[in-house]
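*Asks:* My questions will all concern the structure given below.
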Amino acid sequence: MYLASAALCLLPARAVLAQTVPTPVPGGVTAGIEPEDITVIGTSPLPGSGIDRDRLPAATVILTAHDLQLTGTADLLHALDSRLAGVSLNSASGNPYQPTIVMNGFQASPLQGTSQGIAVYLDGVRFNQAFGDTVNWDLIPDLAIERVAVEGSNPVFGLNALGGALNVRMKNGFNSKGGEFDLSGGSFGRIVAQGDYAARRGNWGFYVAAREVHEDGWRDLQSSDIQTLYTDLGWKGEATEVHGSLDLANSVLNGPGTSPVELLRADPRAQFTAPNQMANKFIQFALNGRHSFTDTLSIQGQAHYDYFQQRVLNGNAPNDSPCDDGSGLMCTDDGDPSTTRGGATIPDFLNGGPYSELDLQTTNTNGYGVSMQETETHSLFGLRNHEVAGVSFDGAQTMFTGSALLGGITPVTRVYYGPGYVIDEPGETVPVRVRVNDAYVGVFGTDTIDLTPRLSLTGSIRYNFAQINLADQNGGDLSGHHAYSAINPGGGISYRLTEWATIYGGYAEANRAPTPAELSCAGPQNACSLANFFVGDPDLKQVRAHTFEAGLRGGFAIGHAGRLSYDLGLFRTDADNDIVFINSETLNRAFFANIGATRRQGGKVHLAWQADGWSAWLNYTHTDATYRSGFVEDAGSNPAADDDGNITVSRGNRLPGIPLDKLTGGVDVRITPIWTVGGDFDLQGGQYLYGDEANLTPRLPGFFVLNLHTSVQVTRTLQLFGSISNVTDRNYYTYGTFSPTNSVYLSQAPGATNPRSYSPAAPIGGYGGVRVTF
């Protein structure tokens with residue numbers, strides 16, 4: 001948002017909750033002023049279907065553009081992690097712009113192989129990519145975000161909203177004004193240049209935002225380069241508003257991934273094997289609009305087209321090694337001769353090695369969709385009633401290619417070098433090329449009726465249909481036709497006990513159809529790597545989630561001392577036929593499978609204090625995520641394997657990667673009329689490593705991290721800002737798994753045998769910048 005004055009620049013931090021500090025929301029309504037105050041929440045992904053939050057039977061929080069910019073440049077990921085209860089981040093890739101968000105025990109990640117369970121929308125357009133439901137955070141222009149609504153489970157948000165949804169509203173020429181330019185940089189070679197501008201001329205509004213990011217990183221071969229451009233052109237009349245937006249993004253992200261713990265002790269910057277690169281290109285054009293027939297009846301709609309290209313390079317330990325029969329050939333793990341294209345055998349071309357494998361994949365997706373809904377607020381049987389009904393369609397055509405090369409490896413940095421041989425081993429690894437056509441249809445409705453001035457009843461329902469067709473372009477067995485459908489109901493009540501307290505409770509169902517990536521890698525006989533090499537295997541069942549939640553929220557003033565806002569919530573989600581990525585007997589390979597039931601349950605506490613010149617907040621989350629069904633999987637590199645090389649997951653074992661407890665908080669203080677200082681902290685408990693679903697080895701260590709930030713409003717239009725992250729220079733890790741340490745020679749740690757492998761977070765870092773507003 002435009003920082004028009006020193007006072008506005010120095011407003012204390014806040015997350016918008018019901019009855020918090022005054023904050024503009026769509027429609028000219030202001031949140032935080034009692035008794036008329038309301039916080040408007042969208043009851044569907046499309047803009048324009050708002051209702052005050054206190055009438056909804058689910059946990060919902062809004063982050064504003066100001067919240068995203070507290071530490072300097074706009075940062076959606078840090079705001080979600082630090083300011084919200086129920087959210088945490090982990091990074092398997094080791095790149096700061098590629099984390100996995102864990103929300104209510106479910107995940108939204110840019111990495112294939114992650115069980116996705118969060119739906120993400122940008123101005124009503126589904127942002128989960130069609131091929132694997134992945135979410136590429138680097139493609140979202142943070143500066144152009146006007147607000148983010150973090151929604152609890154609601155069937156109206158469609159497929160994948162098992163643990164909830166992130167509903168992002170972008171800036172435009174009507175909800176923003178003026179502009180800014182930021183230039184900042186600091187540790188690890190970070191340089192960020194970004195700016196935006198909004199203008200309105202009569203009925204026309206225009207907005208543009210651009211960003212350039214470069215960062216060298218704090219580990220070997222770690223770097224990030226991101227460019228984004230977002231524009232919106234809108235027209236607004238008395239009853240009609242129409243917007244056309246264009247989102248362009250390009251990124252090249254190098255993440256060193258996890259490294260064995262003995263290697264990290266010898267050299268904290270070291271990566272295990274390389275390269276590990278993801279390059280994305282994204283174009284999206286969207287039209288959205290609304291028309292009000294009366295003061296109470298309106299329609300909203302959107303249509304969009306997008307193109308997404310992703311190229312992945314992934315260096316790995318080899319699955320092939322020199323045969324031990326003196327033949328001078330390479331052999332698979334089964335002892336069979338390794339083959340390349342045409343069935344030719346691969347010679348031991350490096351005379352004993354060392355060897356490595358380079359996995360390559362390319363995904364090209366053309367996506368498109370439309371949705372439309374009507375919203376009406378009227379009297380029903382003399383009672384206030386708000387209803388929304390609509391339909392949506394999303395389609396995509398994807399061409400996926402994947403191959404693996406066998407080549408050499410550099411002795412110190414462990415980087416693949418070629419040209420090498422293409423691996424073509426039927427039953428093991430083969431080049432793939434598959435065309436995917438998918439279509440998703442939704443029909444939904446929701447209604448909230450006030451039975452009394454204090455008691456609101458909400459009911460929701462959605463029908464989802466998914467059609468996924470795969471056609472193998474290489475004549476293999478990838479071809480298949482898959483269809484899924486589900487009817488998901490939801491409902492609940494909210495009761496305003498007093499002006500400062502509202503109690504709510506609700507139930508919601510959601511489903512997730514298997515993605516094309518999962519359907520192509522759904523059996524143990526021919527598993528795929530994290531770089532996705534697919535085979536034809538049995539159908540997967542869709543995941544069905546059943547969520548109960550209840551809570552108490554509100555806020556009250558304490559004399560002239562300030563105002564306390566609070567949000568207390570309990571939740572339980574039981575998922576049937578959950579899909580996980582299971583280790584196979586082949587090194588670096590796994591497959592997707594339905595493993596039965598899982599449960600995520602827990603509690604969340606959010607407290608926020610707002611006073612003249614300062615503010616503070618505190619969040620606590622307890623998430624107990626467990627398997628409710630047992631299964632057996634290959635142990636991979638897990639040292640706790642049984643005599644058969646397996647681990648047995650039992651009912652009650654905790655899901656990996658999800659911390660049991662997390663406490664975050666922060667404070668912002670206006671020292672003088674122009675100088676503000678603040679900080680935030682993250683205290684997080686340990687989590688089980690990925691690959692230890694049976695909970696047989698020690699958990700990843702917990703950690704405490706402290707961050708500080710400050711800003712000085714030099715003039716009305718010039719601001720200086722700075723921040724220090726990880727002030728105590730704590731060595732900590734957000735993600736852990738097991739690596740085949742014995743398969744690759746570690747020159748920095750010769751003789752290393754411990755397969756535990758961590759992704760180190762950033763050490764202490766200092767950043768500073770300047771912001772000019774106009």
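Simple scheme: letters A, B, ... for chains in structure tokens order, numbers from 1 for residues in each chain, numbers from 1 for ligands in the order shown.
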Please provide as a ChimeraX atom specification all residues within 8 Å of region 247-250 of chain A, with the sequence filter that same-chain residues fewer than 5 positions apart are discarded (counting only C-alpha atoms).

*Replies:* /A:139,226-231,279-285

*Asks:* Keeping only C-alpha atoms, take the residues you just selected and write them out as a PDB file, in the first residue's frame.

*Replies:*
```pdb
ATOM      1  CA  LEU A 139       6.132 -16.554  -9.271  1.00  0.00           C
ATOM      2  CA  ILE A 226      13.829 -13.777 -10.080  1.00  0.00           C
ATOM      3  CA  GLN A 227      12.088 -11.276 -12.334  1.00  0.00           C
ATOM      4  CA  THR A 228       8.375 -10.489 -12.116  1.00  0.00           C
ATOM      5  CA  LEU A 229       6.060  -7.976 -13.774  1.00  0.00           C
ATOM      6  CA  TYR A 230       2.414  -7.542 -12.824  1.00  0.00           C
ATOM      7  CA  THR A 231      -0.051  -5.104 -14.386  1.00  0.00           C
ATOM      8  CA  ALA A 279      13.956 -22.761 -13.768  1.00  0.00           C
ATOM      9  CA  ASN A 280      10.416 -21.399 -14.159  1.00  0.00           C
ATOM     10  CA  LYS A 281       8.711 -19.257 -16.762  1.00  0.00           C
ATOM     11  CA  PHE A 282       5.130 -18.106 -16.207  1.00  0.00           C
ATOM     12  CA  ILE A 283       2.627 -16.016 -18.155  1.00  0.00           C
ATOM     13  CA  GLN A 284      -0.937 -15.453 -17.001  1.00  0.00           C
ATOM     14  CA  PHE A 285      -3.623 -13.217 -18.452  1.00  0.00           C
TER      15      PHE A 285
END
```

*Asks:* From the DSSP assignment of the backbone, select every residue of region 411-441 of chain A that is strand (DSSP E or B), and format the answer as a ChimeraX atom specification.

*Replies:* /A:415-422,425,429,432-441

*Asks:* Which is closer to Tyr197 (chain A) than all the others in A:His243, A:Val213, A:Ser298, A:Leu143, using only C-alpha atoms?

*Replies:*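 Smallest distance to Tyr197 (chain A) is found for A:Leu143.
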
*Asks:* Taking only C-alpha atoms into account, which of A:Ser485, A:Thr498, A:Gln309, A:Ser224 comes nearest Arg553 (chain A)?

*Replies:*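 Smallest separation from Arg553 (chain A) among the options: A:Thr498.
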
*Asks:* At a cut-off of 12 Å, can you tabulate as CSV every residue of region 678-703 of chain A near region 606-621 of chain A together with its closest atom pair and the distance in Å to one decimal, using only C-alpha atoms and ordering rows by chain then number?

*Replies:*
```
residue,atom,partner,partner_atom,distance
A:Gly678,CA,A:Trp614,CA,9.2
A:Gly679,CA,A:Ala616,CA,9.6
A:Asp680,CA,A:Trp617,CA,9.0
A:Phe681,CA,A:Leu618,CA,9.6
A:Asp682,CA,A:Asn619,CA,9.6
A:Leu683,CA,A:Tyr620,CA,9.5
A:Gln684,CA,A:Thr621,CA,9.6
A:Gly685,CA,A:Thr621,CA,10.5
```

*Asks:* Could you give me, as CSV, every region 580-687 of chain A residue with an atom at most 10 Å from region 504-520 of chain A, plus its closest atom pair and distance in Å to one decimal, counting only C-alpha atoms, rows ordered by chain then number?

*Replies:*
```
residue,atom,partner,partner_atom,distance
A:Val580,CA,A:Glu518,CA,9.4
A:Phe581,CA,A:Glu518,CA,8.8
A:Phe591,CA,A:Glu518,CA,8.0
A:Phe592,CA,A:Glu518,CA,5.8
A:Ala593,CA,A:Glu518,CA,8.3
A:Asn594,CA,A:Pro514,CA,9.9
```

*Asks:* Keeping only N, CA, C and O atoms, write the selected residues to a file as a PDB file, in the first residue's frame.

*Replies:*
```pdb
ATOM      1  N   VAL A 580       0.752 -40.678  -0.113  1.00  0.00           N
ATOM      2  CA  VAL A 580       2.102 -40.328   0.308  1.00  0.00           C
ATOM      3  C   VAL A 580       3.099 -40.875  -0.704  1.00  0.00           C
ATOM      4  O   VAL A 580       2.790 -41.744  -1.513  1.00  0.00           O
ATOM      5  N   PHE A 581       4.318 -40.349  -0.623  1.00  0.00           N
ATOM      6  CA  PHE A 581       5.423 -40.743  -1.501  1.00  0.00           C
ATOM      7  C   PHE A 581       6.249 -41.781  -0.748  1.00  0.00           C
ATOM      8  O   PHE A 581       6.940 -41.453   0.228  1.00  0.00           O
ATOM      9  N   PHE A 591       7.380 -44.070  -4.897  1.00  0.00           N
ATOM     10  CA  PHE A 591       6.128 -44.091  -5.652  1.00  0.00           C
ATOM     11  C   PHE A 591       5.003 -43.577  -4.759  1.00  0.00           C
ATOM     12  O   PHE A 591       5.093 -43.595  -3.530  1.00  0.00           O
ATOM     13  N   PHE A 592       3.950 -43.112  -5.412  1.00  0.00           N
ATOM     14  CA  PHE A 592       2.787 -42.612  -4.697  1.00  0.00           C
ATOM     15  C   PHE A 592       1.829 -43.761  -4.416  1.00  0.00           C
ATOM     16  O   PHE A 592       1.636 -44.640  -5.265  1.00  0.00           O
ATOM     17  N   ALA A 593       1.216 -43.730  -3.222  1.00  0.00           N
ATOM     18  CA  ALA A 593       0.279 -44.794  -2.861  1.00  0.00           C
ATOM     19  C   ALA A 593      -0.728 -44.265  -1.843  1.00  0.00           C
ATOM     20  O   ALA A 593      -0.418 -43.359  -1.052  1.00  0.00           O
ATOM     21  N   ASN A 594      -1.926 -44.823  -1.897  1.00  0.00           N
ATOM     22  CA  ASN A 594      -2.898 -44.592  -0.824  1.00  0.00           C
ATOM     23  C   ASN A 594      -2.482 -45.434   0.383  1.00  0.00           C
ATOM     24  O   ASN A 594      -2.287 -46.639   0.259  1.00  0.00           O
TER      25      ASN A 594
END
```

*Asks:* So which residues touch Arg433 (chain A) within 6 Å, counting only C-alpha atoms, skipping near sequence neighbours fewer than 6 positions away, as a PyMOL selection string?

*Replies:* chain A and resi 400-401+473

*Asks:* Any chance you can output those residues with N, CA, C and O atoms as a short mmCIF file (atom, residue, chain, number, x, y, z; two decimals), in the first residue's frame?

*Replies:*
```cif
data_model
loop_
_atom_site.label_atom_id
_atom_site.label_comp_id
_atom_site.auth_asym_id
_atom_site.auth_seq_id
_atom_site.Cartn_x
_atom_site.Cartn_y
_atom_site.Cartn_z
N PHE A 400 4.99 -33.49 -20.52
CA PHE A 400 6.07 -33.76 -19.57
C PHE A 400 7.10 -34.66 -20.22
O PHE A 400 6.76 -35.65 -20.88
N THR A 401 8.38 -34.30 -20.04
CA THR A 401 9.46 -35.17 -20.50
C THR A 401 10.44 -35.37 -19.35
O THR A 401 10.68 -34.46 -18.54
N GLN A 473 3.74 -40.70 -25.25
CA GLN A 473 4.24 -40.32 -26.57
C GLN A 473 5.36 -41.22 -27.06
O GLN A 473 5.77 -41.14 -28.21
#
```

*Asks:* Determine, counting only C-alpha atoms, which protein, DNA and RNA residues have an atom within 7 Å of an atom of region 720-722 of chain A; residues of the same chain fewer than 2 positions away are not included. Present the result as an MDAnalysis selection string.

*Replies:* chainID A and resid 72 709:713 718 767:771

*Asks:* Based on the selection just made, write N, CA and C atoms of those residues as a compact mmCIF listing (two decimals), in the first residue's frame.

*Replies:*
```txt
# COMPACT_ATOMS: atom_id res chain seq x y z
N GLY A 72 10.96 -4.79 5.81
CA GLY A 72 11.64 -4.10 4.71
C GLY A 72 10.90 -4.29 3.42
N HIS A 709 14.21 -5.61 13.12
CA HIS A 709 14.07 -4.71 11.98
C HIS A 709 13.82 -3.28 12.49
N THR A 710 14.07 -2.31 11.63
CA THR A 710 13.89 -0.91 11.98
C THR A 710 13.62 -0.09 10.72
N SER A 711 13.06 1.09 10.92
CA SER A 711 12.85 2.01 9.80
C SER A 711 12.88 3.44 10.31
N VAL A 712 13.36 4.34 9.46
CA VAL A 712 13.41 5.77 9.77
C VAL A 712 12.78 6.52 8.61
N GLN A 713 11.74 7.31 8.91
CA GLN A 713 11.07 8.10 7.89
C GLN A 713 11.79 9.44 7.79
N LEU A 718 10.68 9.69 1.83
CA LEU A 718 11.91 8.90 1.87
C LEU A 718 12.01 8.14 3.18
N TYR A 767 20.59 -6.66 6.37
CA TYR A 767 20.03 -6.11 5.13
C TYR A 767 19.62 -4.65 5.37
N GLY A 768 19.69 -3.87 4.33
CA GLY A 768 19.26 -2.49 4.43
C GLY A 768 18.78 -1.99 3.09
N GLY A 769 17.99 -0.91 3.15
CA GLY A 769 17.47 -0.40 1.90
C GLY A 769 16.84 0.97 2.05
N VAL A 770 16.40 1.49 0.93
CA VAL A 770 15.76 2.79 0.88
C VAL A 770 14.45 2.65 0.11
N ARG A 771 13.41 3.35 0.59
CA ARG A 771 12.11 3.34 -0.07
C ARG A 771 11.69 4.77 -0.37
```

*Asks:* So, counting only C-alpha atoms, which residue among A:Ala149, A:Val441, A:Leu162, A:Leu350 is closest to Arg572 (chain A)?

*Replies:*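 Among the listed residues, the smallest separation from Arg572 (chain A) belongs to A:Leu162.
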
*Asks:* Would you mind telling me which residue in A:Ala317, A:Val705, A:Ile558, A:Ile764 lies nearest to Ser356 (chain A) when using only C-alpha atoms?

*Replies:*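 Looking only at the distances to Ser356 (chain A), the closest residue turns out to be A:Ala317.
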
*Asks:* Which polymer residues have any atom within 12 Å of an atom of Asp574 (chain A), counting only C-alpha atoms, with same-chain residues fewer than 2 positions away left out, as a PyMOL selection string?

*Replies:* chain A and resi 104-106+162-163+507-511+543-549+571-572+576-578+596-601+624-629

*Asks:* For Asp196 (chain A), list every protein, DNA or RNA residue within 9 Å, evaluated using only C-alpha atoms, and leave out those in the same chain fewer than 5 positions away; present the list as a ChimeraX atom specification.

*Replies:* /A:143-144,178-181,207-211

*Asks:* Out of region 392-530 of chain A, which residues get helix (DSSP H, G or I) from DSSP, as a PyMOL selection string?

*Replies:* chain A and resi 516-519

*Asks:* Store the residues of this selection in a file with all heavy atoms, as an mmCIF file, in the first residue's frame.

*Replies:*
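Dumped to again_28.cif:
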```cif
data_model
loop_
_atom_site.group_PDB
_atom_site.id
_atom_site.type_symbol
_atom_site.label_atom_id
_atom_site.label_comp_id
_atom_site.auth_asym_id
_atom_site.auth_seq_id
_atom_site.Cartn_x
_atom_site.Cartn_y
_atom_site.Cartn_z
ATOM 1 N N PRO A 516 -1.904 -35.675 -12.081
ATOM 2 C CA PRO A 516 -1.273 -36.449 -13.161
ATOM 3 C C PRO A 516 0.090 -36.995 -12.756
ATOM 4 O O PRO A 516 0.446 -38.116 -13.132
ATOM 5 C CB PRO A 516 -1.166 -35.419 -14.296
ATOM 6 C CG PRO A 516 -2.277 -34.461 -14.045
ATOM 7 C CD PRO A 516 -2.385 -34.360 -12.558
ATOM 8 N N ALA A 517 0.877 -36.222 -11.998
ATOM 9 C CA ALA A 517 2.183 -36.702 -11.565
ATOM 10 C C ALA A 517 2.045 -37.942 -10.695
ATOM 11 O O ALA A 517 2.803 -38.907 -10.832
ATOM 12 C CB ALA A 517 2.913 -35.597 -10.810
ATOM 13 N N GLU A 518 1.069 -37.937 -9.799
ATOM 14 C CA GLU A 518 0.881 -39.081 -8.905
ATOM 15 C C GLU A 518 0.343 -40.295 -9.656
ATOM 16 O O GLU A 518 0.778 -41.428 -9.420
ATOM 17 C CB GLU A 518 -0.060 -38.692 -7.761
ATOM 18 C CG GLU A 518 0.563 -37.680 -6.808
ATOM 19 C CD GLU A 518 -0.442 -37.079 -5.846
ATOM 20 O OE1 GLU A 518 -1.650 -37.049 -6.181
ATOM 21 O OE2 GLU A 518 -0.037 -36.628 -4.767
ATOM 22 N N LEU A 519 -0.600 -40.067 -10.558
ATOM 23 C CA LEU A 519 -1.175 -41.184 -11.300
ATOM 24 C C LEU A 519 -0.139 -41.880 -12.173
ATOM 25 O O LEU A 519 -0.257 -43.073 -12.456
ATOM 26 C CB LEU A 519 -2.328 -40.684 -12.176
ATOM 27 C CG LEU A 519 -3.602 -40.286 -11.437
ATOM 28 C CD1 LEU A 519 -4.543 -39.542 -12.368
ATOM 29 C CD2 LEU A 519 -4.294 -41.512 -10.853
#
```
